[in-house]
Amino acid sequence: MDVSGLTLCAAAAGLAKREFSSVELTQAVLDAISAKDGEINAYLSVDADYALQQAAAADAARSAGRDGDLLGIPLALKDMISVEGQPCTCASKIMRGYVSPYDATVTERLRQAGAVFAGRTNMDEFAMGSTTEHSAFKVTRNPHDLNRVPGGSSGGSAAAVAGGMAVAALGTDTGGSIRQPAAFCGCVGLRPSYGRVSRYGVTACASSLDQVGTLTRTVEDAAILLQALAGVDPRDGTTLDAPVPDYRAALGGGIKGLKIGVPEEYFVGGTDPEVAACVRGAVDACAAAGAEVVEVSLPHTEHAVAVYYILAAAEASANLARFDGVRYGQRAKNPESVFALYAKSRAEGFGMEVKRRIILGTYVLSSGHYDAYYGRAQKVRTLVRRDFEEAFKLCDVLMTPVAPTAACRIGEACDDPLKMYQGDVFTAPASLAGICGLAVPCGRTAAGLPVGLQILGPAFGECVVLRAGQALESEIQA
Amino acid sequence: MSKYLVTIGLETHVQLKTRTKMFCGCSLKFGDEPNTNVCPVCLGYPGALPVVNREAVRLTVISGLMLGCEISRYSTFDRKNYFYPDMSKGYQISQNANPLCLGGGVMIETPEGPKRIRINHIHMEEDAAKINHYAGCSGVDFNRCGTPLMEIVSEPDLSSPDEAMAYLQALKQILLYAGVSDCNLEEGNMRSDVNISVRPAGQERLGTKVEIKNMNTFKGIHAALEYEIARQLAVVRGGGALVQETRRWDMDAGETQSMRSKEDALDYRYFPEPDLAPLELDAELVELWRADLPEAPAARRERMMAEYGIPAYDAGVLADAKDNADFFEAAALACRPELGKNVSNWFMTEVMRLLSESGRAVSECALTPAALAELVCLLEDGVINGPTAKELLPELFQHGGMPAVLVEERGLAQVSDSAALEALIEQVFAENPKTVEDYLAGKKAAAGFLVGQVMKLSKGKADPKLAGKLVAQRLARS
């Protein structure tokens with residue numbers, strides 16, 4: 001069977017109607033990986049036996065009368081999400097030999113829903129990067145143009161879905177790590193609101209910004225997956241005990257009657273005109289379909305990238321301190337002291353971008369610099385959050401480009417970290433504010449590269465974002 | 001020689017009496033096999049997240065209320081970053097900016113009268129792991145890692161090692177009364193760091209501060225302070241200058257040794273712990289805890305004096321250990337109201353002697369408050385005599401039971417029947433004519449011997465007072 005265009009929704013229907021079994025579906029996904037991933041490099045590891053066992057169990061459960069949207073669906077997981085008994089490399093050499101002794105909460109929820117774990121996807125090391133080139137192991141290629149990056153850090157997950165090697169995938173989004181690769185690869189990427197999905201068992205990059213989310217072919221697929229993931233987790237004190245709505249039921253409301261805010265700061269110079277035109281075109285289509293479009297302002301947007309990189313680096317510098325070679329992972333041979341053990345293990349284990357951020361984060365937290373950097377950044381973060389609160393008084397959702405450009409060529413962004421960081425200009429603000437965002441394809445450049453449109457909604461406003469996303473999906477396709 | 005003033009402040013880490021660790025569900029059993037009470041959270045595994053132990057919060061609030069602190073309705077956790085093998089995450093979760101309890105104080109007795117030692121604040125934190133050194137290698141035992149601690153930080157109000165001792169003893173007593181900690185020094189339940197400086201009398205500004213770490217016992221703290229004061233005085237009297245530094249107490253060498261100077265001081269890069277939401281305490285809940293607060297030692301002394309008619313000295317000795325006071329009160333309540341002083345006498349002499357001889361706590365012996373009460377009543381009512389009571393007590397202490405039963409079983413009731421005693425007296429006089437003659441010749445002490453013989457003949461059961469009176473009457477007739 002061909003899984004290259006198969007949506008989660010269609011796969012679930014096929015399984016429910018016994019058109020194919022989970023073992024057949026999973027085998028087809030594994031075959032697709034064998035056939036294509038040599039070129040694309042989306043996956044870091046695939047445990048076919050493990051996946052087929054899960055698939056067989058799902059088939060047996062279905063025969064015994066069990067049902068469910070995710071029962072028997074093969075999914076790809078970003079390699080920083082813990083699965084008991086599997087490696088969790090975070091695309092870093094420092095995790096050499098590490099095997100997770102426990103399931104992340106999202107893993108556990110998917111497992112309980114009967115999902116199959118097809119494989120672990122590549123990423124920028126510890127989610128630090130926007131191209132997946134900062135993986136310590138391999139460079140993932142964009143299925144739409146093998147000379148280009150898939151985006152990042154969840155580039156492996158996006159490429160697996162776009163490349164027809166996964167029905168759907170989980171990623172994580174700190175400053176845009178789901179939305180941007182989704183845009184680059186032409187799939188749907190959902191970053192839920194901070195506190196909507198548990199972070200327990202997901203290796204932390206920047207704790208106050210990280211969220212687990214989905215990479216899928218359709219908005220409906222995102223809604224189905226989010227349904228399984230969302231909800232308070234007693235093991236993650238930052239999840240919110242708010243009721244989980246029926247996300248699928250929120251779909252189908254259409255675009256008519258929605259107030260769409262277009263923030264002027266997201267359409268200034270620096271954005272590729274082709275990208276801006278695609279996004280404008282999609283917004284116009286929404287207006288034509290009955291949405292009300294209003295101009296709004298998010299005045300602190302220009303500071304968001306700086307604030308984001310100060311806070312994210314600060315948190316990451318502490319989060320990555322645990323990788324010291326003492327309990328697990330890369331351990332330097334013959335250190336002359338315990339501090340040499342740390343220094344050598346970390347020097348050997350971490351890549352350049354990770355080291356850069358650890359140094360940056362350590363600096364902004366150090367005494368004498370704290371107030372000027374970390375302290376001030378926290379204050380500006382509050383202003384960024386307020387910008388959105390004000391904007392959502394005027395509209396239901398915001399529509400913006402996901403990134404200033406379409407996918408760049410491999411190697412293009414690597415030498416200039418500042419340029420790479422600037423690419424987060426449209427995604428980082430929503431992360432700082434803790435609100436939800438959805439990337440949906442909205443056209444292609446002349447070169448045939450996908451362009452993504454970002455729909456932002458208020459915190460815990462996933463329903464309206466998904467509704468708008470699905471409406472846009474149908475408007476554009478229509 | 002000019003006079004110098006000593007200024008001491010204490011930071012006391014107290015282990016809270018919870019069942020589980022500060023941020024995970026691991027058991028806190030002391031003395032288990034190394035690394036058996038561990039989980040991904042306390043081992044600092046990737047993706048693991050802390051969750052605040054609510055019981056630890058409650059115990060810290062109770063402590064704060066007992067010590068007269070103001071309870072922060074809003075407190076936050078911070079990360080204290082440092083690399084050491086005893087800290088699995090590379091940072092300790094502590095409270096720096098907004099601790100749970102503020103202010104408060106402890107009353108101590110000094111030769112100059114009562115003195116209040118102010119408390120700056122109490123904050124919560126997690127303990128580090130224990131490092132064991134072996135020949136050629138070291139091992140880390142993470143069983144202790146994550147143990148809930150509160151750190152009670154005093155103001156620099158102490159002016160001598162004796163005051164420091166008095167403070168620690170008063171603090172320990174209050175915490176034991178509060179039931180928040182076992183305060184077991186051998187198990188490291190209560191550990192203090194001290195800050196100490198000297199300055200010439202009359203100088204307003206405090207002298208150069210030295211911090212001393214690594215003192216495990218009150219005795220060790222006293223010795224370290226004595227040593228350090230002498231060292232500092234020798235330096236300043238010799239015209240030298242002290243350096244601000246951290247020193248460690250070497251118990252075997254009996255001296256403090258420099259660990260690191262101010263220049264080498266660690267920069268802990270404190271910043272708000274993003275994995276934990278701020279701790280917001282419900283005012284009603286705090287009031288509920290306040291209403292249910294255990295009695296403080298000082299209040300108990302006053303109340304016991306009033307309720308049981310015992311002198312201040314007795315009340316002080318009894319209230320010293322909560323267990324003893326509880327036992328005494330239970331016994332006094334089981335007795336007639338006017339016998340409080342008798343119960344107190346018996347407890348403070350005989351029972352406390354048995355306790356110290358056996359090295360047991362009152363909760364560990366077989367004697368019950370009801371048994372002691374009954375013993376005192378039997379004695380007061382003349383059913384048994386003093387020697388019999390003293391003979392019975394060790395047995396009740398060892399094996400338990402009720403004294404009335406033993407008296408009945410063994411026929412230990414004293415003989416108060418004049419006729420029966422007179423028969424014994426006749427026998428004694430007949431058997432000891434020489435002694436009677438001695439008495440009549442003026443050796444008045446001989447009467448005592450005769451009474452003793454009567455007691456012996458009665459197998460100790462004669463009422464000693466009555467026997468004395470009858471012997472005197474018989475001698476008068478001789």
# chains A, B, ... in the order shown; residues from 1 in each chain; ligands from 1
$ residues_around --residues "Arg109 of chain A" --least-positions-apart "3" --cutoff "12 Å" --atoms "only C-alpha atoms" --output "MDAnalysis selection string"
chainID A and resid 70:71 83 103:106 112:116 197:198 200:201 225:233
$ write_last_selection --atoms "N, CA and C atoms" --output "mmCIF file, in the first residue's frame"
data_model
loop_
_atom_site.group_PDB
_atom_site.id
_atom_site.type_symbol
_atom_site.label_atom_id
_atom_site.label_comp_id
_atom_site.auth_asym_id
_atom_site.auth_seq_id
_atom_site.Cartn_x
_atom_site.Cartn_y
_atom_site.Cartn_z
ATOM 1 N N LEU A 70 -6.456 6.567 17.314
ATOM 2 C CA LEU A 70 -5.017 6.338 17.184
ATOM 3 C C LEU A 70 -4.644 4.865 17.272
ATOM 4 N N LEU A 71 -5.624 4.009 17.461
ATOM 5 C CA LEU A 71 -5.342 2.579 17.607
ATOM 6 C C LEU A 71 -4.704 2.036 16.327
ATOM 7 N N VAL A 83 10.908 7.332 25.381
ATOM 8 C CA VAL A 83 10.140 6.094 25.215
ATOM 9 C C VAL A 83 10.893 5.033 25.996
ATOM 10 N N ASP A 103 8.700 6.275 30.156
ATOM 11 C CA ASP A 103 7.915 6.922 29.109
ATOM 12 C C ASP A 103 7.633 8.379 29.477
ATOM 13 N N ALA A 104 7.732 9.255 28.494
ATOM 14 C CA ALA A 104 7.210 10.606 28.689
ATOM 15 C C ALA A 104 5.690 10.497 28.838
ATOM 16 N N THR A 105 5.077 11.522 29.410
ATOM 17 C CA THR A 105 3.616 11.491 29.546
ATOM 18 C C THR A 105 2.944 11.414 28.176
ATOM 19 N N VAL A 106 3.472 12.151 27.199
ATOM 20 C CA VAL A 106 2.851 12.091 25.864
ATOM 21 C C VAL A 106 3.015 10.696 25.266
ATOM 22 N N GLN A 112 -1.281 4.362 25.437
ATOM 23 C CA GLN A 112 -2.601 3.951 25.928
ATOM 24 C C GLN A 112 -3.645 4.029 24.819
ATOM 25 N N ALA A 113 -3.447 4.966 23.889
ATOM 26 C CA ALA A 113 -4.396 5.101 22.777
ATOM 27 C C ALA A 113 -4.131 4.049 21.700
ATOM 28 N N GLY A 114 -3.061 3.267 21.882
ATOM 29 C CA GLY A 114 -2.776 2.182 20.945
ATOM 30 C C GLY A 114 -1.944 2.578 19.742
ATOM 31 N N ALA A 115 -1.280 3.744 19.819
ATOM 32 C CA ALA A 115 -0.459 4.183 18.685
ATOM 33 C C ALA A 115 0.795 3.318 18.569
ATOM 34 N N VAL A 116 1.378 3.335 17.365
ATOM 35 C CA VAL A 116 2.592 2.569 17.079
ATOM 36 C C VAL A 116 3.739 3.563 16.912
ATOM 37 N N VAL A 197 -0.040 20.730 27.023
ATOM 38 C CA VAL A 197 0.475 19.366 26.873
ATOM 39 C C VAL A 197 1.660 19.188 27.833
ATOM 40 N N SER A 198 1.699 18.040 28.480
ATOM 41 C CA SER A 198 2.757 17.774 29.458
ATOM 42 C C SER A 198 4.141 17.748 28.819
ATOM 43 N N TYR A 200 6.573 16.384 30.708
ATOM 44 C CA TYR A 200 7.264 15.353 31.476
ATOM 45 C C TYR A 200 7.830 14.280 30.553
ATOM 46 N N GLY A 201 9.118 14.051 30.667
ATOM 47 C CA GLY A 201 9.760 13.033 29.842
ATOM 48 C C GLY A 201 10.262 13.545 28.512
ATOM 49 N N LEU A 225 -4.685 14.279 17.025
ATOM 50 C CA LEU A 225 -3.510 13.994 17.860
ATOM 51 C C LEU A 225 -3.519 14.828 19.138
ATOM 52 N N LEU A 226 -3.858 16.111 19.017
ATOM 53 C CA LEU A 226 -3.875 16.980 20.189
ATOM 54 C C LEU A 226 -4.850 16.441 21.245
ATOM 55 N N GLN A 227 -5.972 15.909 20.762
ATOM 56 C CA GLN A 227 -6.963 15.351 21.674
ATOM 57 C C GLN A 227 -6.333 14.315 22.604
ATOM 58 N N ALA A 228 -5.445 13.512 22.028
ATOM 59 C CA ALA A 228 -4.814 12.453 22.830
ATOM 60 C C ALA A 228 -3.731 13.007 23.761
ATOM 61 N N LEU A 229 -3.118 14.105 23.363
ATOM 62 C CA LEU A 229 -1.972 14.620 24.124
ATOM 63 C C LEU A 229 -2.361 15.592 25.232
ATOM 64 N N ALA A 230 -3.421 16.354 24.995
ATOM 65 C CA ALA A 230 -3.723 17.492 25.863
ATOM 66 C C ALA A 230 -4.251 17.068 27.227
ATOM 67 N N GLY A 231 -4.036 17.935 28.204
ATOM 68 C CA GLY A 231 -4.625 17.723 29.520
ATOM 69 C C GLY A 231 -3.598 17.822 30.626
ATOM 70 N N VAL A 232 -4.104 18.125 31.802
ATOM 71 C CA VAL A 232 -3.235 18.333 32.956
ATOM 72 C C VAL A 232 -2.475 17.049 33.273
ATOM 73 N N ASP A 233 -1.256 17.206 33.771
ATOM 74 C CA ASP A 233 -0.424 16.063 34.157
ATOM 75 C C ASP A 233 0.127 16.329 35.544
#
$ interface_residues --of "chain A" --to "chain B" --cutoff "9 Å" --atoms "only C-alpha atoms" --output "JSON, numbers by chain"
{"A": [80, 81, 82, 88, 100, 101, 102, 104, 199, 200, 201, 202, 203, 204, 206, 207, 208, 234, 235, 236, 237, 238, 314, 315, 318, 319, 320, 321, 322, 323, 324, 326, 327, 328, 338, 339, 342, 362, 364, 365, 366, 367, 370, 374]}
$ write_last_selection --atoms "C-alpha atoms" --output "PDB file, in the first residue's frame"
ATOM      1  CA  MET A  80      13.973  14.088  22.586  1.00  0.00           C
ATOM      2  CA  ILE A  81      10.736  12.447  23.725  1.00  0.00           C
ATOM      3  CA  SER A  82      11.360   9.558  26.116  1.00  0.00           C
ATOM      4  CA  CYS A  88      16.679   9.316  23.310  1.00  0.00           C
ATOM      5  CA  SER A 100      15.298   5.935  28.517  1.00  0.00           C
ATOM      6  CA  PRO A 101      14.134   4.165  31.659  1.00  0.00           C
ATOM      7  CA  TYR A 102      10.662   5.662  31.395  1.00  0.00           C
ATOM      8  CA  ALA A 104       7.210  10.606  28.689  1.00  0.00           C
ATOM      9  CA  ARG A 199       6.502  18.236  29.097  1.00  0.00           C
ATOM     10  CA  TYR A 200       7.264  15.353  31.476  1.00  0.00           C
ATOM     11  CA  GLY A 201       9.760  13.033  29.842  1.00  0.00           C
ATOM     12  CA  VAL A 202      10.621  15.442  27.058  1.00  0.00           C
ATOM     13  CA  THR A 203      14.234  16.575  27.291  1.00  0.00           C
ATOM     14  CA  ALA A 204      14.143  20.223  28.239  1.00  0.00           C
ATOM     15  CA  ALA A 206      14.093  25.989  27.546  1.00  0.00           C
ATOM     16  CA  SER A 207      11.540  24.965  30.145  1.00  0.00           C
ATOM     17  CA  SER A 208       9.349  28.057  30.117  1.00  0.00           C
ATOM     18  CA  PRO A 234       0.294  15.726  37.864  1.00  0.00           C
ATOM     19  CA  ARG A 235       3.945  15.120  36.959  1.00  0.00           C
ATOM     20  CA  ASP A 236       4.251  18.476  35.203  1.00  0.00           C
ATOM     21  CA  GLY A 237       3.332  21.326  37.517  1.00  0.00           C
ATOM     22  CA  THR A 238       3.260  23.755  34.604  1.00  0.00           C
ATOM     23  CA  ALA A 314      19.667  31.040  30.211  1.00  0.00           C
ATOM     24  CA  GLU A 315      17.264  28.177  30.837  1.00  0.00           C
ATOM     25  CA  ALA A 318      20.905  25.157  33.467  1.00  0.00           C
ATOM     26  CA  ASN A 319      18.878  22.406  31.784  1.00  0.00           C
ATOM     27  CA  LEU A 320      21.955  21.021  30.088  1.00  0.00           C
ATOM     28  CA  ALA A 321      24.068  21.040  33.256  1.00  0.00           C
ATOM     29  CA  ARG A 322      22.820  17.535  34.055  1.00  0.00           C
ATOM     30  CA  PHE A 323      24.748  16.124  31.121  1.00  0.00           C
ATOM     31  CA  ASP A 324      27.965  15.725  33.054  1.00  0.00           C
ATOM     32  CA  VAL A 326      28.489  11.019  35.809  1.00  0.00           C
ATOM     33  CA  ARG A 327      25.244   9.065  35.590  1.00  0.00           C
ATOM     34  CA  TYR A 328      24.701   8.391  31.893  1.00  0.00           C
ATOM     35  CA  VAL A 338      35.995  15.366  38.698  1.00  0.00           C
ATOM     36  CA  PHE A 339      35.946  18.790  37.086  1.00  0.00           C
ATOM     37  CA  TYR A 342      32.804  17.418  33.360  1.00  0.00           C
ATOM     38  CA  THR A 362      25.743  31.301  31.580  1.00  0.00           C
ATOM     39  CA  VAL A 364      23.379  36.412  30.965  1.00  0.00           C
ATOM     40  CA  LEU A 365      22.749  34.803  34.362  1.00  0.00           C
ATOM     41  CA  SER A 366      26.106  35.641  35.909  1.00  0.00           C
ATOM     42  CA  SER A 367      26.317  38.162  38.697  1.00  0.00           C
ATOM     43  CA  TYR A 370      21.799  39.324  35.359  1.00  0.00           C
ATOM     44  CA  TYR A 374      17.945  38.113  32.095  1.00  0.00           C
TER      45      TYR A 374
END
$ select_by_dssp --residues "segment 379-470 of chain A" --states "helix (DSSP H, G or I)" --output "ChimeraX atom specification"
/A:379-391,417-422,428-433,462-470
$ write_last_selection --atoms "N, CA and C atoms" --output "short mmCIF file (atom, residue, chain, number, x, y, z; two decimals), in the first residue's frame"
data_model
loop_
_atom_site.label_atom_id
_atom_site.label_comp_id
_atom_site.auth_asym_id
_atom_site.auth_seq_id
_atom_site.Cartn_x
_atom_site.Cartn_y
_atom_site.Cartn_z
N LYS A 379 11.20 41.27 31.73
CA LYS A 379 10.26 42.40 31.69
C LYS A 379 9.71 42.59 30.28
N VAL A 380 10.59 42.49 29.30
CA VAL A 380 10.11 42.67 27.93
C VAL A 380 9.20 41.51 27.53
N ARG A 381 9.48 40.33 28.08
CA ARG A 381 8.60 39.19 27.80
C ARG A 381 7.17 39.52 28.23
N THR A 382 7.04 40.15 29.37
CA THR A 382 5.71 40.55 29.85
C THR A 382 5.06 41.51 28.85
N LEU A 383 5.85 42.42 28.28
CA LEU A 383 5.30 43.37 27.32
C LEU A 383 4.84 42.66 26.04
N VAL A 384 5.63 41.66 25.62
CA VAL A 384 5.26 40.89 24.43
C VAL A 384 3.94 40.16 24.68
N ARG A 385 3.83 39.59 25.87
CA ARG A 385 2.60 38.87 26.22
C ARG A 385 1.41 39.83 26.19
N ARG A 386 1.62 41.03 26.73
CA ARG A 386 0.55 42.03 26.76
C ARG A 386 0.14 42.47 25.36
N ASP A 387 1.12 42.56 24.47
CA ASP A 387 0.81 42.89 23.07
C ASP A 387 -0.28 41.95 22.55
N PHE A 388 -0.06 40.68 22.78
CA PHE A 388 -1.01 39.68 22.27
C PHE A 388 -2.37 39.79 22.96
N GLU A 389 -2.33 40.01 24.26
CA GLU A 389 -3.59 40.15 25.00
C GLU A 389 -4.42 41.30 24.43
N GLU A 390 -3.72 42.40 24.14
CA GLU A 390 -4.42 43.55 23.56
C GLU A 390 -4.96 43.21 22.18
N ALA A 391 -4.11 42.54 21.38
CA ALA A 391 -4.52 42.21 20.01
C ALA A 391 -5.75 41.30 20.00
N PRO A 417 25.07 32.47 12.86
CA PRO A 417 24.03 32.18 13.85
C PRO A 417 23.04 33.34 13.99
N LEU A 418 23.52 34.58 13.90
CA LEU A 418 22.60 35.71 14.08
C LEU A 418 21.52 35.70 13.01
N LYS A 419 21.93 35.37 11.79
CA LYS A 419 20.97 35.32 10.70
C LYS A 419 19.95 34.20 10.96
N MET A 420 20.48 33.09 11.44
CA MET A 420 19.59 31.97 11.76
C MET A 420 18.60 32.38 12.85
N TYR A 421 19.10 33.05 13.89
CA TYR A 421 18.23 33.47 15.00
C TYR A 421 17.14 34.42 14.48
N GLN A 422 17.50 35.30 13.53
CA GLN A 422 16.52 36.26 13.02
C GLN A 422 15.36 35.56 12.30
N ALA A 428 8.98 33.30 17.51
CA ALA A 428 9.41 33.47 18.90
C ALA A 428 8.42 34.26 19.77
N PRO A 429 7.78 35.32 19.23
CA PRO A 429 6.88 36.09 20.10
C PRO A 429 5.76 35.24 20.71
N ALA A 430 5.14 34.38 19.91
CA ALA A 430 4.05 33.54 20.43
C ALA A 430 4.57 32.59 21.51
N SER A 431 5.81 32.10 21.33
CA SER A 431 6.40 31.23 22.35
C SER A 431 6.58 31.99 23.65
N LEU A 432 7.07 33.21 23.55
CA LEU A 432 7.27 34.03 24.75
C LEU A 432 5.95 34.29 25.46
N ALA A 433 4.90 34.43 24.67
CA ALA A 433 3.58 34.74 25.24
C ALA A 433 2.87 33.49 25.74
N GLU A 462 -6.93 26.80 21.22
CA GLU A 462 -6.65 25.85 20.14
C GLU A 462 -7.86 25.65 19.23
N CYS A 463 -9.05 25.69 19.81
CA CYS A 463 -10.25 25.41 19.01
C CYS A 463 -10.41 26.41 17.86
N VAL A 464 -10.27 27.68 18.18
CA VAL A 464 -10.49 28.69 17.15
C VAL A 464 -9.36 28.66 16.13
N VAL A 465 -8.15 28.36 16.60
CA VAL A 465 -7.01 28.27 15.69
C VAL A 465 -7.19 27.10 14.72
N LEU A 466 -7.63 25.98 15.25
CA LEU A 466 -7.83 24.80 14.41
C LEU A 466 -8.97 25.04 13.41
N ARG A 467 -10.01 25.69 13.91
CA ARG A 467 -11.15 25.99 13.04
C ARG A 467 -10.69 26.88 11.88
N ALA A 468 -9.96 27.93 12.20
CA ALA A 468 -9.47 28.85 11.16
C ALA A 468 -8.53 28.12 10.22
N GLY A 469 -7.69 27.27 10.79
CA GLY A 469 -6.73 26.53 9.98
C GLY A 469 -7.41 25.61 8.99
N GLN A 470 -8.41 24.94 9.48
CA GLN A 470 -9.10 24.00 8.59
C GLN A 470 -9.86 24.75 7.50
#
$ select_by_dssp --residues "segment 216-303 of chain A" --states "strand (DSSP E or B)" --output "list in words"
Thr216, Ala230, Asp233, Asp236, Lys259, Ile260, Gly261, Val262, Pro263, Glu292, Val293, Val294, Glu295 and Val296 of chain A
$ write_last_selection --atoms "C-alpha atoms" --output "PDB file, in the first residue's frame"
ATOM      1  CA  THR A 216       0.555  16.318  10.288  1.00  0.00           C
ATOM      2  CA  ALA A 230      -3.723  17.492  25.863  1.00  0.00           C
ATOM      3  CA  ASP A 233      -0.424  16.063  34.157  1.00  0.00           C
ATOM      4  CA  ASP A 236       4.251  18.476  35.203  1.00  0.00           C
ATOM      5  CA  LYS A 259     -12.162  38.264  12.972  1.00  0.00           C
ATOM      6  CA  ILE A 260      -8.661  37.914  11.609  1.00  0.00           C
ATOM      7  CA  GLY A 261      -5.983  40.265  12.891  1.00  0.00           C
ATOM      8  CA  VAL A 262      -3.067  41.118  10.643  1.00  0.00           C
ATOM      9  CA  PRO A 263      -0.197  42.555  12.676  1.00  0.00           C
ATOM     10  CA  GLU A 292     -13.421  40.192   8.842  1.00  0.00           C
ATOM     11  CA  VAL A 293      -9.811  41.311   8.534  1.00  0.00           C
ATOM     12  CA  VAL A 294      -8.491  43.929  10.955  1.00  0.00           C
ATOM     13  CA  GLU A 295      -5.099  45.584  11.172  1.00  0.00           C
ATOM     14  CA  VAL A 296      -3.536  45.152  14.623  1.00  0.00           C
TER      15      VAL A 296
END
$ residues_around --residues "Gly152 of chain A" --least-positions-apart "4" --cutoff "8 Å" --atoms "only C-alpha atoms" --output "number ranges by chain"
A: 123-124, 127, 129-132, 156, 177-178, 180-181
$ write_last_selection --atoms "C-alpha atoms" --output "short mmCIF file (atom, residue, chain, number, x, y, z; two decimals), in the first residue's frame"
data_model
loop_
_atom_site.label_atom_id
_atom_site.label_comp_id
_atom_site.auth_asym_id
_atom_site.auth_seq_id
_atom_site.Cartn_x
_atom_site.Cartn_y
_atom_site.Cartn_z
CA MET A 123 16.51 17.30 15.02
CA ASP A 124 18.91 20.07 15.83
CA ALA A 127 16.40 21.48 19.74
CA GLY A 129 18.74 25.37 15.66
CA SER A 130 16.34 26.10 12.84
CA THR A 131 17.60 23.80 10.09
CA THR A 132 18.26 20.35 11.63
CA GLY A 156 13.11 15.17 11.01
CA SER A 177 10.62 24.42 16.12
CA ILE A 178 7.34 22.87 14.96
CA GLN A 180 8.90 26.63 10.96
CA PRO A 181 9.79 23.09 9.72
#
$ closest_residue --among "B:Thr435, B:Gln244, B:Ser160, B:Ser358" --to "Ile221 of chain B" --atoms "only C-alpha atoms"
B:Ser160
$ residues_around --residues "Gly452 of chain B" --least-positions-apart "6" --cutoff "12 Å" --atoms "only C-alpha atoms" --output "NGL selection string"
:B and (424-425 or 428 or 445-446 or 458-465 or 467-468 or 471)
$ closest_residue --among "B:Gly68, B:Pro433, B:Gly113, B:Gly340" --to "Cys377 of chain B" --atoms "only C-alpha atoms"
B:Gly340
$ residues_around --residues "Arg237 of chain B" --least-positions-apart "6" --cutoff "12 Å" --atoms "only C-alpha atoms" --output "PyMOL selection string"
chain B and resi 1-4+198-200+229-231
$ closest_residue --among "B:Lys130, B:Arg19, B:Arg248, B:Lys341" --to "Val180 of chain B" --atoms "only C-alpha atoms"
B:Arg19
$ residues_around --residues "segment 163-176 of chain A" --least-positions-apart "2" --cutoff "7 Å" --atoms "only C-alpha atoms" --output "NGL selection string"
:A and (3-8 or 29 or 32-33 or 74-78 or 143 or 154 or 157 or 159-161 or 178-180 or 191 or 206 or 209-216 or 424 or 427-428 or 431)
$ closest_residue --among "A:Gly68, A:Gln54, A:Phe350, A:Met128" --to "Arg111 of chain A" --atoms "only C-alpha atoms"
A:Gln54
$ residues_around --residues "Ala459 of chain A" --least-positions-apart "2" --cutoff "7 Å" --atoms "only C-alpha atoms" --output "PDB file with C-alpha atoms, in the first residue's frame"
ATOM      1  CA  SER A 193      -0.456  26.753  24.349  1.00  0.00           C
ATOM      2  CA  GLY A 434       2.711  31.071  25.794  1.00  0.00           C
ATOM      3  CA  ILE A 435      -0.091  31.205  23.237  1.00  0.00           C
ATOM      4  CA  CYS A 436      -0.924  28.614  20.588  1.00  0.00           C
ATOM      5  CA  GLY A 457      -4.715  32.248  18.945  1.00  0.00           C
ATOM      6  CA  GLY A 461      -7.539  28.980  22.137  1.00  0.00           C
TER       7      GLY A 461
END
$ atom_distance --atom1 "atom CA of Gly38 of chain A" --atom2 "atom CA of Thr121 of chain A"
13.4 Å
$ atom_distance --atom1 "atom CA of Phe77 of chain B" --atom2 "atom CA of Leu176 of chain B"
26.1 Å
$ atom_distance --atom1 "atom CA of Glu112 of chain B" --atom2 "atom CA of Ala166 of chain B"
13.2 Å
